[in-house]
$ cat coords30.cif   # mmCIF, C-alpha atoms
data_work
loop_
_atom_site.label_atom_id
_atom_site.label_comp_id
_atom_site.auth_asym_id
_atom_site.auth_seq_id
_atom_site.Cartn_x
_atom_site.Cartn_y
_atom_site.Cartn_z
CA MET A 1122 2.06 22.99 -0.74
CA SER A 1123 0.70 23.59 -4.24
CA ASP A 1124 2.02 20.23 -5.42
CA VAL A 1125 0.22 18.49 -2.58
CA ILE A 1126 -3.05 20.27 -3.28
CA SER A 1127 -2.97 19.52 -7.02
CA GLN A 1128 -2.16 15.86 -6.31
CA PRO A 1129 -3.88 15.22 -2.96
CA LYS A 1130 -3.21 11.48 -2.99
CA THR A 1131 0.55 11.35 -3.15
CA VAL A 1132 2.69 8.98 -1.07
CA ALA A 1133 6.42 8.64 -0.46
CA PHE A 1134 8.30 5.72 1.09
CA HIS A 1135 11.60 5.21 2.85
CA THR A 1136 12.76 1.75 3.91
CA LEU A 1137 15.34 0.95 6.57
CA GLY A 1138 16.89 -2.42 7.27
CA CYS A 1139 16.63 -5.76 5.56
CA LYS A 1140 15.51 -7.12 2.19
CA LEU A 1141 12.33 -8.34 3.86
CA ASN A 1142 11.39 -4.75 4.69
CA PHE A 1143 11.95 -3.74 1.06
CA ALA A 1144 9.65 -6.55 -0.10
CA GLU A 1145 6.92 -5.45 2.32
CA THR A 1146 7.28 -1.76 1.42
CA SER A 1147 6.78 -2.64 -2.24
CA THR A 1148 3.64 -4.63 -1.47
CA ILE A 1149 2.17 -1.79 0.63
CA ALA A 1150 3.07 0.67 -2.15
CA ARG A 1151 1.13 -1.44 -4.65
CA GLN A 1152 -1.87 -1.41 -2.29
CA LEU A 1153 -1.80 2.38 -2.18
CA THR A 1154 -1.24 2.92 -5.91
CA ASP A 1155 -4.12 0.53 -6.64
CA ALA A 1156 -6.24 2.76 -4.37
CA GLY A 1157 -5.37 5.87 -6.39
CA TYR A 1158 -2.24 7.17 -4.67
CA GLN A 1159 0.61 8.46 -6.78
CA LYS A 1160 4.07 7.46 -5.58
CA VAL A 1161 6.68 10.24 -5.40
CA ASN A 1162 10.26 10.48 -4.18
CA PHE A 1163 10.74 10.86 -0.43
CA ASP A 1164 12.27 14.34 -0.70
CA GLU A 1165 9.32 15.66 -2.73
CA PRO A 1166 6.09 17.14 -1.35
CA ALA A 1167 3.62 14.34 -0.56
CA LYS A 1168 0.42 13.95 1.37
CA VAL A 1169 1.68 10.80 3.14
CA TYR A 1170 5.20 9.71 4.10
CA ILE A 1171 5.61 6.07 5.13
CA ILE A 1172 8.82 5.04 6.91
CA ASN A 1173 9.39 1.29 7.25
CA THR A 1174 11.75 0.89 10.19
CA CYS A 1175 14.31 -1.59 11.44
CA SER A 1176 15.38 -2.16 15.02
CA VAL A 1177 18.35 -4.50 14.73
CA THR A 1178 20.76 -1.82 15.96
CA GLU A 1179 20.51 1.37 17.97
CA ASN A 1180 21.47 3.35 14.90
CA ALA A 1181 18.38 2.09 13.06
CA ASP A 1182 16.19 3.65 15.76
CA LYS A 1183 18.01 6.96 15.39
CA GLU A 1184 17.68 6.79 11.61
CA CYS A 1185 13.90 6.74 12.00
CA LYS A 1186 13.98 10.19 13.63
CA LEU A 1187 16.28 11.47 10.89
CA HIS A 1188 13.82 10.50 8.16
CA VAL A 1189 10.86 11.98 10.05
CA LYS A 1190 12.74 15.28 9.86
CA ARG A 1191 13.35 14.74 6.14
CA ALA A 1192 9.61 14.28 5.59
CA ALA A 1193 8.83 17.45 7.55
CA LYS A 1194 11.33 19.38 5.45
CA ALA A 1195 9.77 18.12 2.20
CA ASN A 1196 6.24 19.00 3.37
CA PRO A 1197 5.54 20.29 6.90
CA ASP A 1198 1.85 19.41 6.45
CA GLY A 1199 2.51 15.87 5.22
CA LEU A 1200 1.19 12.93 7.24
CA VAL A 1201 3.99 10.74 8.64
CA VAL A 1202 3.33 7.04 9.22
CA ILE A 1203 5.81 4.71 10.91
CA ILE A 1204 5.68 0.94 10.35
CA GLY A 1205 8.14 -1.94 10.76
CA CYS A 1206 10.05 -3.55 13.60
CA TYR A 1207 10.78 -0.39 15.59
CA ALA A 1208 7.08 0.53 15.36
CA GLN A 1209 6.07 -2.84 16.82
CA LEU A 1210 8.68 -2.78 19.59
CA LYS A 1211 8.39 0.84 20.77
CA PRO A 1212 5.17 2.44 19.51
CA GLU A 1213 4.84 4.84 22.46
CA GLU A 1214 8.39 6.07 22.01
CA ILE A 1215 7.76 6.72 18.32
CA SER A 1216 4.39 8.40 18.95
CA ALA A 1217 6.22 11.08 20.97
CA ILE A 1218 8.54 11.98 18.06
CA ASP A 1219 7.64 15.41 16.77
CA GLY A 1220 6.07 15.12 13.33
CA VAL A 1221 4.82 11.51 13.55
CA ASP A 1222 1.06 11.11 13.05
CA LEU A 1223 0.44 7.34 12.96
CA VAL A 1224 2.25 4.23 14.23
CA LEU A 1225 1.18 0.84 12.92
CA GLY A 1226 2.26 -2.54 14.31
CA ALA A 1227 3.15 -5.83 12.65
CA LYS A 1228 -0.46 -6.77 11.95
CA GLU A 1229 -1.87 -3.33 11.16
CA LYS A 1230 0.69 -2.20 8.57
CA PHE A 1231 -0.93 -4.37 5.88
CA ASN A 1232 -4.27 -2.61 6.49
CA ILE A 1233 -2.75 0.85 6.18
CA LEU A 1234 -5.45 2.14 3.83
CA SER A 1235 -8.14 1.80 6.49
CA TYR A 1236 -6.19 4.19 8.75
CA LEU A 1237 -5.32 6.87 6.20
CA ASP A 1238 -8.77 8.15 5.20
CA ASP A 1239 -9.53 9.92 8.49
CA LEU A 1240 -5.93 10.67 9.50
CA GLU A 1241 -5.14 14.27 10.35
CA LYS A 1242 -1.89 16.03 11.22
CA SER A 1243 -1.14 15.42 14.90
CA GLU A 1244 -0.58 18.33 17.25
CA SER A 1245 0.81 16.15 20.02
CA PHE A 1246 1.15 12.37 20.26
CA ALA A 1247 0.60 10.18 17.21
CA GLN A 1248 -2.17 7.62 16.91
CA ILE A 1249 -1.02 4.08 17.73
CA HIS A 1250 -2.56 0.92 16.33
CA SER A 1251 -0.35 -1.93 17.42
CA CYS A 1252 -1.24 -5.54 18.13
CA GLU A 1253 0.24 -7.83 20.75
CA ILE A 1254 2.94 -9.68 18.85
CA ASP A 1255 1.32 -13.08 19.45
CA GLU A 1256 -1.55 -11.83 17.27
CA ALA A 1257 0.84 -11.64 14.29
CA ASP A 1258 0.18 -15.24 13.31
CA PHE A 1259 -0.83 -14.70 9.67
CA PHE A 1260 1.26 -14.41 6.53
CA VAL A 1261 1.15 -11.65 3.91
CA GLY A 1262 3.02 -12.49 0.74
CA SER A 1263 5.26 -9.70 -0.55
CA TYR A 1264 7.81 -8.96 -3.21
CA SER A 1265 9.71 -5.85 -4.22
CA ILE A 1266 10.11 -4.60 -7.77
CA GLY A 1267 12.06 -1.47 -7.01
CA ASP A 1268 14.37 -1.80 -10.00
CA ARG A 1269 14.40 -3.72 -13.24
CA THR A 1270 17.23 -6.06 -12.28
CA ARG A 1271 16.13 -8.04 -9.22
CA ALA A 1272 13.19 -8.61 -6.91
CA PHE A 1273 13.10 -9.54 -3.22
CA LEU A 1274 10.53 -12.30 -2.73
CA LYS A 1275 9.25 -12.88 0.82
CA VAL A 1276 8.64 -16.56 1.57
CA GLN A 1277 8.70 -16.64 5.38
CA ASP A 1278 8.22 -14.30 8.36
CA GLY A 1279 8.86 -14.37 12.11
CA CYS A 1280 11.20 -16.55 14.14
CA ASP A 1281 10.83 -19.19 16.86
CA TYR A 1282 14.48 -19.00 17.88
CA LYS A 1283 15.42 -17.30 21.14
CA CYS A 1284 18.86 -15.88 20.44
CA THR A 1285 19.77 -13.87 23.50
CA TYR A 1286 20.77 -10.68 21.63
CA CYS A 1287 17.84 -10.48 19.20
CA THR A 1288 14.55 -8.54 19.26
CA ILE A 1289 13.23 -9.84 15.94
CA PRO A 1290 10.85 -12.44 17.47
CA LEU A 1291 9.40 -9.61 19.59
CA ALA A 1292 8.98 -7.45 16.50
CA ARG A 1293 7.79 -10.02 13.96
CA GLY A 1294 6.23 -12.84 15.93
CA ILE A 1295 6.25 -16.60 15.38
CA SER A 1296 7.73 -18.39 12.40
CA ARG A 1297 5.23 -18.72 9.57
CA SER A 1298 5.39 -19.25 5.83
CA ASP A 1299 3.63 -18.56 2.57
CA THR A 1300 2.18 -21.50 0.66
CA ILE A 1301 4.31 -22.97 -2.10
CA ASP A 1302 1.54 -22.14 -4.61
CA ASN A 1303 1.57 -18.46 -3.59
CA VAL A 1304 5.36 -18.23 -3.72
CA VAL A 1305 5.46 -19.85 -7.16
CA ASN A 1306 2.69 -17.56 -8.43
CA ASN A 1307 4.57 -14.50 -7.12
CA ALA A 1308 7.72 -15.76 -8.86
CA LYS A 1309 5.77 -16.06 -12.11
CA GLU A 1310 4.45 -12.50 -11.71
CA ILE A 1311 8.02 -11.29 -11.24
CA ALA A 1312 9.19 -13.24 -14.30
CA ALA A 1313 6.42 -11.62 -16.37
CA ARG A 1314 7.95 -8.21 -15.58
CA ASP A 1315 11.24 -9.24 -17.22
CA ILE A 1316 13.11 -9.17 -13.91
CA LYS A 1317 16.12 -11.44 -14.22
CA GLU A 1318 16.90 -12.23 -10.56
CA ILE A 1319 14.88 -13.14 -7.48
CA VAL A 1320 16.32 -12.98 -3.97
CA LEU A 1321 14.44 -15.19 -1.49
CA THR A 1322 13.89 -13.34 1.78
CA GLY A 1323 12.44 -13.91 5.23
CA VAL A 1324 13.45 -13.74 8.88
CA ASN A 1325 14.48 -17.40 9.05
CA ILE A 1326 13.95 -18.81 5.56
CA GLY A 1327 15.49 -22.19 6.36
CA ASP A 1328 12.49 -22.72 8.66
CA TYR A 1329 10.20 -22.49 5.63
CA GLY A 1330 7.07 -24.66 5.88
CA LYS A 1331 6.20 -23.94 9.47
CA GLY A 1332 2.84 -22.18 9.61
CA GLU A 1333 2.23 -22.66 5.90
CA PHE A 1334 -1.26 -23.98 6.66
CA GLY A 1335 -1.93 -22.04 9.85
CA ASN A 1336 -0.28 -24.54 12.17
CA LYS A 1337 3.19 -25.62 13.22
CA LYS A 1338 3.35 -28.69 11.02
CA HIS A 1339 6.11 -28.85 8.46
CA GLU A 1340 3.90 -29.86 5.56
CA HIS A 1341 6.68 -28.61 3.29
CA THR A 1342 10.37 -27.85 3.78
CA PHE A 1343 12.85 -25.37 2.41
CA LEU A 1344 14.07 -28.11 0.07
CA ASP A 1345 10.52 -28.54 -1.27
CA LEU A 1346 10.29 -24.79 -1.85
CA ILE A 1347 13.51 -24.40 -3.81
CA THR A 1348 12.74 -27.57 -5.81
CA GLU A 1349 9.46 -26.01 -7.02
CA LEU A 1350 10.97 -22.57 -7.65
CA ASP A 1351 13.68 -24.13 -9.78
CA LYS A 1352 10.94 -25.19 -12.21
CA VAL A 1353 9.61 -21.65 -12.81
CA ASP A 1354 10.25 -20.47 -16.36
CA GLY A 1355 11.48 -16.97 -17.07
CA ILE A 1356 13.70 -16.42 -14.03
CA GLU A 1357 17.37 -16.49 -14.92
CA ARG A 1358 18.67 -16.41 -11.35
CA ILE A 1359 17.40 -17.18 -7.87
CA ARG A 1360 19.60 -16.15 -4.94
CA ILE A 1361 19.11 -17.40 -1.38
CA SER A 1362 19.48 -14.68 1.25
CA SER A 1363 20.72 -15.39 4.77
CA ILE A 1364 20.05 -18.96 5.96
CA GLU A 1365 20.88 -20.51 9.35
CA PRO A 1366 23.71 -23.09 9.18
CA ASN A 1367 21.71 -25.72 11.08
CA LEU A 1368 18.87 -25.37 8.55
CA LEU A 1369 21.05 -25.41 5.43
CA LYS A 1370 20.97 -29.14 4.70
CA ASP A 1371 23.26 -31.07 2.37
CA GLU A 1372 20.29 -31.84 0.11
CA SER A 1373 19.64 -28.13 -0.43
CA ILE A 1374 23.31 -27.48 -1.17
CA ASP A 1375 23.31 -30.35 -3.68
CA LEU A 1376 20.17 -28.99 -5.38
CA VAL A 1377 21.75 -25.56 -5.78
CA SER A 1378 24.90 -27.13 -7.24
CA LYS A 1379 22.83 -28.82 -9.99
CA SER A 1380 20.12 -26.16 -10.36
CA ARG A 1381 19.26 -24.35 -13.56
CA SER A 1382 18.42 -21.08 -11.78
CA PHE A 1383 19.78 -21.08 -8.20
CA VAL A 1384 23.16 -19.36 -8.09
CA PRO A 1385 26.27 -20.49 -6.18
CA HIS A 1386 26.01 -17.92 -3.42
CA PHE A 1387 25.26 -18.56 0.26
CA HIS A 1388 25.07 -16.14 3.17
CA ILE A 1389 25.33 -18.06 6.44
CA PRO A 1390 25.21 -16.33 9.85
CA LEU A 1391 27.98 -17.42 12.21
CA GLN A 1392 27.84 -14.64 14.87
CA SER A 1393 30.80 -16.04 16.79
CA GLY A 1394 33.68 -18.43 16.17
CA SER A 1395 33.73 -19.33 19.87
CA ASP A 1396 31.61 -22.28 21.00
CA GLU A 1397 31.41 -20.73 24.46
CA LEU A 1398 29.83 -17.57 23.07
CA LEU A 1399 27.58 -19.47 20.65
CA LYS A 1400 26.08 -21.22 23.68
CA LYS A 1401 25.61 -17.88 25.49
CA MET A 1402 23.92 -16.54 22.37
CA LYS A 1403 21.64 -19.63 22.28
CA ARG A 1404 22.58 -20.33 18.71
CA ARG A 1405 21.58 -23.80 17.48
CA TYR A 1406 24.95 -25.02 16.24
CA LEU A 1407 28.63 -25.01 17.15
CA THR A 1408 31.67 -24.19 15.05
CA THR A 1409 32.18 -27.78 13.89
CA LEU A 1410 28.79 -27.82 12.15
CA TYR A 1411 29.50 -24.45 10.58
CA LYS A 1412 32.87 -25.58 9.29
CA ASN A 1413 31.25 -28.68 7.80
CA ARG A 1414 28.63 -26.59 5.97
CA VAL A 1415 31.33 -24.44 4.37
CA ALA A 1416 33.32 -27.56 3.43
CA LYS A 1417 30.25 -29.15 1.81
CA ILE A 1418 29.62 -26.04 -0.30
CA ARG A 1419 33.25 -25.89 -1.39
CA GLU A 1420 33.18 -29.61 -2.25
CA VAL A 1421 30.28 -29.34 -4.72
CA MET A 1422 30.69 -25.66 -5.74
CA PRO A 1423 34.38 -24.67 -5.56
CA ASP A 1424 33.66 -21.18 -6.93
CA ALA A 1425 30.65 -20.38 -4.73
CA ALA A 1426 30.50 -17.10 -2.83
CA ILE A 1427 30.09 -17.65 0.91
CA GLY A 1428 29.19 -14.65 3.08
CA VAL A 1429 29.22 -14.65 6.88
CA ASP A 1430 27.45 -12.57 9.56
CA VAL A 1431 29.47 -12.04 12.73
CA ILE A 1432 28.90 -10.03 15.93
CA VAL A 1433 31.73 -8.42 17.90
CA GLY A 1434 31.58 -7.21 21.49
CA PHE A 1435 28.97 -9.65 22.81
CA PRO A 1436 28.93 -9.73 26.65
CA GLY A 1437 31.71 -11.96 27.92
CA GLU A 1438 33.74 -11.74 24.71
CA THR A 1439 37.26 -11.56 26.11
CA GLU A 1440 40.22 -10.80 23.88
CA ALA A 1441 40.98 -14.53 23.78
CA LEU A 1442 37.43 -15.40 22.71
CA PHE A 1443 37.47 -12.66 20.07
CA MET A 1444 40.72 -14.07 18.68
CA GLU A 1445 39.03 -17.50 18.53
CA THR A 1446 36.46 -15.91 16.22
CA TYR A 1447 39.12 -14.07 14.22
CA ASN A 1448 41.26 -17.16 13.72
CA PHE A 1449 38.28 -19.37 12.93
CA LEU A 1450 37.09 -16.97 10.22
CA ASN A 1451 40.62 -16.58 8.87
CA SER A 1452 40.87 -20.36 8.51
CA LEU A 1453 37.63 -20.72 6.52
CA PRO A 1454 37.48 -20.51 2.69
CA ILE A 1455 34.82 -17.77 2.80
CA SER A 1456 34.27 -14.76 0.51
CA TYR A 1457 33.27 -11.81 2.70
CA LEU A 1458 31.93 -10.81 6.13
CA HIS A 1459 29.08 -8.65 7.38
CA VAL A 1460 30.35 -7.39 10.72
CA PHE A 1461 27.94 -6.14 13.40
CA THR A 1462 28.92 -4.38 16.61
CA TYR A 1463 26.87 -5.70 19.53
CA SER A 1464 24.46 -3.19 21.03
CA GLU A 1465 22.28 -3.75 24.08
CA ARG A 1466 18.60 -4.20 23.21
CA GLU A 1467 15.77 -3.92 25.70
CA ASN A 1468 13.92 -7.10 26.68
CA THR A 1469 16.74 -9.41 25.58
CA GLU A 1470 18.68 -11.78 27.84
CA ALA A 1471 22.05 -10.49 26.70
CA ALA A 1472 21.29 -6.95 27.87
CA SER A 1473 21.59 -8.04 31.52
CA MET A 1474 24.59 -10.35 31.09
CA ASP A 1475 27.88 -9.66 32.84
CA GLY A 1476 31.07 -8.92 31.00
CA ALA A 1477 30.08 -5.89 28.92
CA VAL A 1478 32.78 -5.03 26.39
CA PRO A 1479 33.80 -1.34 26.36
CA ILE A 1480 32.50 0.53 23.30
CA PRO A 1481 35.99 1.50 22.01
CA GLU A 1482 37.00 -2.16 22.17
CA ARG A 1483 33.89 -3.21 20.26
CA LYS A 1484 34.80 -0.70 17.55
CA ARG A 1485 38.41 -1.92 17.40
CA ARG A 1486 37.28 -5.52 16.93
CA ASN A 1487 34.78 -4.45 14.29
CA LYS A 1488 37.57 -2.74 12.36
CA MET A 1489 39.79 -5.83 12.59
CA LEU A 1490 37.09 -8.02 11.11
CA ARG A 1491 36.23 -5.53 8.38
CA ILE A 1492 39.88 -5.57 7.33
CA LEU A 1493 39.76 -9.38 7.36
CA SER A 1494 36.60 -9.24 5.25
CA GLU A 1495 38.33 -7.12 2.62
CA LYS A 1496 41.25 -9.54 2.61
CA LYS A 1497 38.91 -12.52 2.14
CA LYS A 1498 37.01 -10.77 -0.64
CA MET A 1499 40.18 -9.93 -2.55
CA GLU A 1500 41.44 -13.51 -2.13
CA PHE A 1501 38.15 -14.80 -3.51
CA TYR A 1502 38.11 -12.31 -6.39
CA ARG A 1503 41.66 -13.30 -7.37
CA THR A 1504 40.54 -16.92 -7.76
CA GLN A 1505 37.98 -15.74 -10.32
CA LEU A 1506 40.29 -13.65 -12.53
CA GLY A 1507 40.62 -14.97 -16.06
CA LYS A 1508 37.33 -16.87 -15.90
CA LYS A 1509 34.44 -16.28 -18.26
CA LEU A 1510 31.32 -15.65 -16.19
CA PRO A 1511 27.78 -14.32 -16.77
CA VAL A 1512 27.19 -10.82 -15.36
CA LEU A 1513 23.76 -9.24 -14.78
CA TRP A 1514 24.22 -5.50 -15.43
CA GLU A 1515 22.41 -2.94 -13.28
CA HIS A 1516 20.76 0.29 -14.41
CA GLU A 1517 22.81 2.95 -12.61
CA ASP A 1518 25.24 5.13 -14.56
CA LYS A 1519 28.10 6.08 -12.23
CA ASN A 1520 30.41 8.58 -13.92
CA GLY A 1521 30.16 6.74 -17.22
CA PHE A 1522 30.48 3.25 -15.78
CA MET A 1523 28.01 0.53 -14.81
CA HIS A 1524 28.20 -2.37 -12.37
CA GLY A 1525 26.85 -5.86 -12.28
CA PHE A 1526 27.28 -9.11 -10.41
CA THR A 1527 28.33 -12.55 -11.49
CA GLU A 1528 26.30 -15.52 -10.29
CA ASN A 1529 28.85 -15.98 -7.49
CA TYR A 1530 28.60 -12.34 -6.42
CA VAL A 1531 31.73 -10.81 -7.91
CA ARG A 1532 31.10 -7.09 -8.54
CA VAL A 1533 32.12 -6.17 -12.08
CA THR A 1534 32.59 -2.78 -13.81
CA LYS A 1535 32.45 -1.71 -17.46
CA PRO A 1536 31.70 1.49 -19.43
CA PHE A 1537 28.00 2.36 -19.27
CA ASP A 1538 25.97 0.91 -22.11
CA ILE A 1539 22.21 1.45 -22.01
CA GLN A 1540 21.68 -1.71 -24.08
CA SER A 1541 23.33 -3.80 -21.36
CA VAL A 1542 20.96 -2.75 -18.56
CA ASN A 1543 19.14 -5.77 -17.12
CA GLN A 1544 20.98 -8.05 -19.54
CA ILE A 1545 23.18 -11.02 -18.73
CA GLU A 1546 26.45 -11.02 -20.65
CA ASN A 1547 29.32 -13.49 -20.54
CA ILE A 1548 32.50 -11.60 -19.71
CA ILE A 1549 36.09 -12.44 -18.82
CA LEU A 1550 37.19 -11.13 -15.41
CA ASP A 1551 40.42 -9.20 -15.89
CA LYS A 1552 41.76 -7.32 -12.87
CA ILE A 1553 40.76 -5.87 -9.52
CA LEU A 1554 40.18 -2.11 -9.61
CA GLU A 1555 40.82 0.49 -6.91
CA ASP A 1556 37.15 0.55 -5.89
CA GLY A 1557 37.26 -3.20 -5.19
CA SER A 1558 35.29 -4.25 -8.26
CA VAL A 1559 36.67 -6.23 -11.19
CA SER A 1560 37.16 -4.98 -14.75
CA ILE A 1561 36.34 -6.93 -17.89
CA LYS A 1562 38.98 -8.10 -20.36
CA ALA A 1563 40.50 -5.30 -22.46
CA THR A 1564 39.35 -6.89 -25.72
CA GLN A 1565 35.79 -6.63 -24.42
CA PHE A 1566 36.30 -2.91 -23.73
CA GLU A 1567 37.36 -2.63 -27.39
CA ASP A 1568 34.27 -4.54 -28.47
CA PHE A 1569 32.18 -2.09 -26.44
CA LEU A 1570 33.89 0.96 -27.97
CA ALA A 1571 33.36 -0.47 -31.47
CA LYS A 1572 29.60 -0.51 -30.83
CA VAL A 1573 29.45 3.11 -29.68
#
$ encode --input "coords30.cif" --output "C-alpha cells"
Amino acid sequence: MSDVISQPKTVAFHTLGCKLNFAETSTIARQLTDAGYQKVNFDEPAKVYIINTCSVTENADKECKLHVKRAAKANPDGLVVIIGCYAQLKPEEISAIDGVDLVLGAKEKFNILSYLDDLEKSESFAQIHSCEIDEADFFVGSYSIGDRTRAFLKVQDGCDYKCTYCTIPLARGISRSDTIDNVVNNAKEIAARDIKEIVLTGVNIGDYGKGEFGNKKHEHTFLDLITELDKVDGIERIRISSIEPNLLKDESIDLVSKSRSFVPHFHIPLQSGSDELLKKMKRRYLTTLYKNRVAKIREVMPDAAIGVDVIVGFPGETEALFMETYNFLNSLPISYLHVFTYSERENTEAASMDGAVPIPERKRRNKMLRILSEKKKMEFYRTQLGKKLPVLWEHEDKNGFMHGFTENYVRVTKPFDIQSVNQIENIILDKILEDGSVSIKATQFEDFLAKV
C-alpha cells in the first residue's frame, strides 16, 4: 500500500484480444498519463487497473476474471475498471465479479477520466456506464506504441456484416472510419517516434470509408487510404492486418505489389472451405472467390505471406464438410493458419442452429488444422531459404538470441545485438531451426562475432 500512497495516481493496463484493442488501450493510456497518471506494470501496486477485454471466445471471458484476481493480488485496494467487447456485451455479468468497481461500454471507455475522479472501491456490484450499441456511431482514432518496433494504427471500427457466429457488431456497433487526414497525421506521429512498422487495424478494414464523414457514404475507399499512406515519409513498413476476401480488390493487391512501404503479407479470413457452411455463416463470398484472391496475390507477389483464419466445429459441420475445408486449405499456396474452435455465443443465430459438433470432435479438427498450418509454414519457409531479405529486429533478448521478421513474415533468429534493435538489416536465410524460426547465414554469424 505504501507505493500506492506515495504515487496516488498510478495506473496499470492489461489488454486481451486483437490488435485493435491494443491500439485503443494505448490511446486511453496516453489520456491518463497526460492527466498526471503514472503507468506501472500490471503486477505492481497501482491505484487503478484497467482491463481491456475481448469476447470472441468463451476463454476470453474467463480470462477477464483471471486478470481481475491478478489486480486484487497486486493491490487489494486498487480500483478495477473493465472496458472492451465483453464489457459492452455483458456489463451486468461483469459487475457481479468480485473485485470489479467500474464497467464502461463502447462509448464510455474513451471518457474514462470523467468516471475515475469519484470512483471508490465497490463493496458489492460495480458501477455500470454502458450505452446502447447503436449509440456507438462515432470514431476515436487510436494507435499503440507499446514497443519501439511497430505500432498498431486503428483506421476503422465496427461492422455491418451479420455473420451468424459473431458478436462483434453487438460489441462494437456499426462500421465507421477515421478520416484519411487523421490517419495520415497519426502515421506521421508514429514515424516521428522512429517506429519502423505500422500495422493497420480495425474490425473490418476493407470497409474503410463508410462513416468517415458521419454517414454511410463511401467518400473514400480502402484503396484511397493505402494510396495516401504509401506517401508518408519515415515509415519503412506498413502491414495490412486481417481483410475480408470480398473487400480485398485486385487494385489494392496491385498497389501493394508496387508499393514502397506496404509489405507482401496478407491475412485473409476464410472460416470454412465448404460453400454450404459459408452460406450458413452468412459470409459474403464462396470458395471460388477466395481461391481467386490467393491466385492473384501469388501472380503479382510470388513470395508473399498469406495467412488464413478458419473455424472448426461450426453447427452442421459434418466430417465430410470438415474434410472439404481441410482439402481446400491443403490445395492453396498459403503460408499459415489461425485456427479457431467454434464456441456458442449468446444472441447469435448460430447458437440455436441444429447439428452441434461434440466438443472432443471440435478439438480433434482443430488439432488437424494446426498440424496442417505447421506444414504450410515450413513449406513456405523452405521456399525462402537462401534468399537475401530485410529483417526488422525486435527488442527482446531471449537467452542470448533475438528475433525479427522479414517483410513477408518469416521469423528469423540471430545472437542478440543491442545495436540491431529496431533496425532493418539485409540477411541471408539459412536453415529452419527447432523452434520453427530461421537462422541467418553462418558467415553473418561470424560477422556478428567479429563486432563483439
$ closest_residue --input "coords30.cif" --among "A:Gly1434, A:Pro1129, A:Pro1197, A:Gly1262" --to "Ala1144 of chain A" --atoms "all atoms listed in the file"
A:Gly1262
$ resolve_selection --input "coords30.cif" --expression "the PyMOL selection byres ((chain A and resi 1453-1455) around 10)" --output "list in words"
Phe1387, His1388, Tyr1411, Lys1412, Val1415, Ala1416, Arg1419, Pro1423, Ala1425, Ala1426, Ile1427, Gly1428, Val1429, Asn1448, Phe1449, Leu1450, Asn1451, Ser1452, Ser1456, Tyr1457, Leu1458, Ser1494, Lys1497, Lys1498, Glu1500 and Phe1501 of chain A
$ write_last_selection --input "coords30.cif" --atoms "C-alpha atoms" --output "PDB file, in the frame of the given file"
ATOM      1  CA  PHE A1387      25.260 -18.560   0.260  1.00  0.00           C
ATOM      2  CA  HIS A1388      25.070 -16.140   3.170  1.00  0.00           C
ATOM      3  CA  TYR A1411      29.500 -24.450  10.580  1.00  0.00           C
ATOM      4  CA  LYS A1412      32.870 -25.580   9.290  1.00  0.00           C
ATOM      5  CA  VAL A1415      31.330 -24.440   4.370  1.00  0.00           C
ATOM      6  CA  ALA A1416      33.320 -27.560   3.430  1.00  0.00           C
ATOM      7  CA  ARG A1419      33.250 -25.890  -1.390  1.00  0.00           C
ATOM      8  CA  PRO A1423      34.380 -24.670  -5.560  1.00  0.00           C
ATOM      9  CA  ALA A1425      30.650 -20.380  -4.730  1.00  0.00           C
ATOM     10  CA  ALA A1426      30.500 -17.100  -2.830  1.00  0.00           C
ATOM     11  CA  ILE A1427      30.090 -17.650   0.910  1.00  0.00           C
ATOM     12  CA  GLY A1428      29.190 -14.650   3.080  1.00  0.00           C
ATOM     13  CA  VAL A1429      29.220 -14.650   6.880  1.00  0.00           C
ATOM     14  CA  ASN A1448      41.260 -17.160  13.720  1.00  0.00           C
ATOM     15  CA  PHE A1449      38.280 -19.370  12.930  1.00  0.00           C
ATOM     16  CA  LEU A1450      37.090 -16.970  10.220  1.00  0.00           C
ATOM     17  CA  ASN A1451      40.620 -16.580   8.870  1.00  0.00           C
ATOM     18  CA  SER A1452      40.870 -20.360   8.510  1.00  0.00           C
ATOM     19  CA  SER A1456      34.270 -14.760   0.510  1.00  0.00           C
ATOM     20  CA  TYR A1457      33.270 -11.810   2.700  1.00  0.00           C
ATOM     21  CA  LEU A1458      31.930 -10.810   6.130  1.00  0.00           C
ATOM     22  CA  SER A1494      36.600  -9.240   5.250  1.00  0.00           C
ATOM     23  CA  LYS A1497      38.910 -12.520   2.140  1.00  0.00           C
ATOM     24  CA  LYS A1498      37.010 -10.770  -0.640  1.00  0.00           C
ATOM     25  CA  GLU A1500      41.440 -13.510  -2.130  1.00  0.00           C
ATOM     26  CA  PHE A1501      38.150 -14.800  -3.510  1.00  0.00           C
TER      27      PHE A1501
END
$ resolve_selection --input "coords30.cif" --expression "the PyMOL selection byres ((chain A and resi 1464) around 12)" --output "ChimeraX atom specification"
/A:1176-1182,1285-1288,1432-1436,1461-1463,1465-1467,1469,1471-1473,1477-1480,1483-1484
$ residues_near_point --input "coords30.cif" --point "(6.5, -13.2, 14.8)" --cutoff "6 Å" --atoms "only C-alpha atoms" --output "PDB file with C-alpha atoms, in the coordinates of the input"
ATOM      1  CA  ALA A1257       0.840 -11.640  14.290  1.00  0.00           C
ATOM      2  CA  GLY A1279       8.860 -14.370  12.110  1.00  0.00           C
ATOM      3  CA  CYS A1280      11.200 -16.550  14.140  1.00  0.00           C
ATOM      4  CA  PRO A1290      10.850 -12.440  17.470  1.00  0.00           C
ATOM      5  CA  ARG A1293       7.790 -10.020  13.960  1.00  0.00           C
ATOM      6  CA  GLY A1294       6.230 -12.840  15.930  1.00  0.00           C
ATOM      7  CA  ILE A1295       6.250 -16.600  15.380  1.00  0.00           C
ATOM      8  CA  SER A1296       7.730 -18.390  12.400  1.00  0.00           C
TER       9      SER A1296
END
$ residues_around --input "coords30.cif" --residues "Ile1316 of chain A" --least-positions-apart "6" --cutoff "8 Å" --atoms "only C-alpha atoms" --output "CSV table (one decimal) with C-alpha atoms, in the frame of the given file"
chain,number,residue,atom,x,y,z
A,1269,ARG,CA,14.4,-3.7,-13.2
A,1270,THR,CA,17.2,-6.1,-12.3
A,1271,ARG,CA,16.1,-8.0,-9.2
A,1272,ALA,CA,13.2,-8.6,-6.9
A,1356,ILE,CA,13.7,-16.4,-14.0
A,1543,ASN,CA,19.1,-5.8,-17.1
$ resolve_selection --input "coords30.cif" --expression "the PyMOL selection byres ((chain A and resi 1304) around 10)" --output "number ranges by chain"
A: 1262-1264, 1274-1277, 1298-1303, 1305-1310, 1321, 1346, 1349-1350
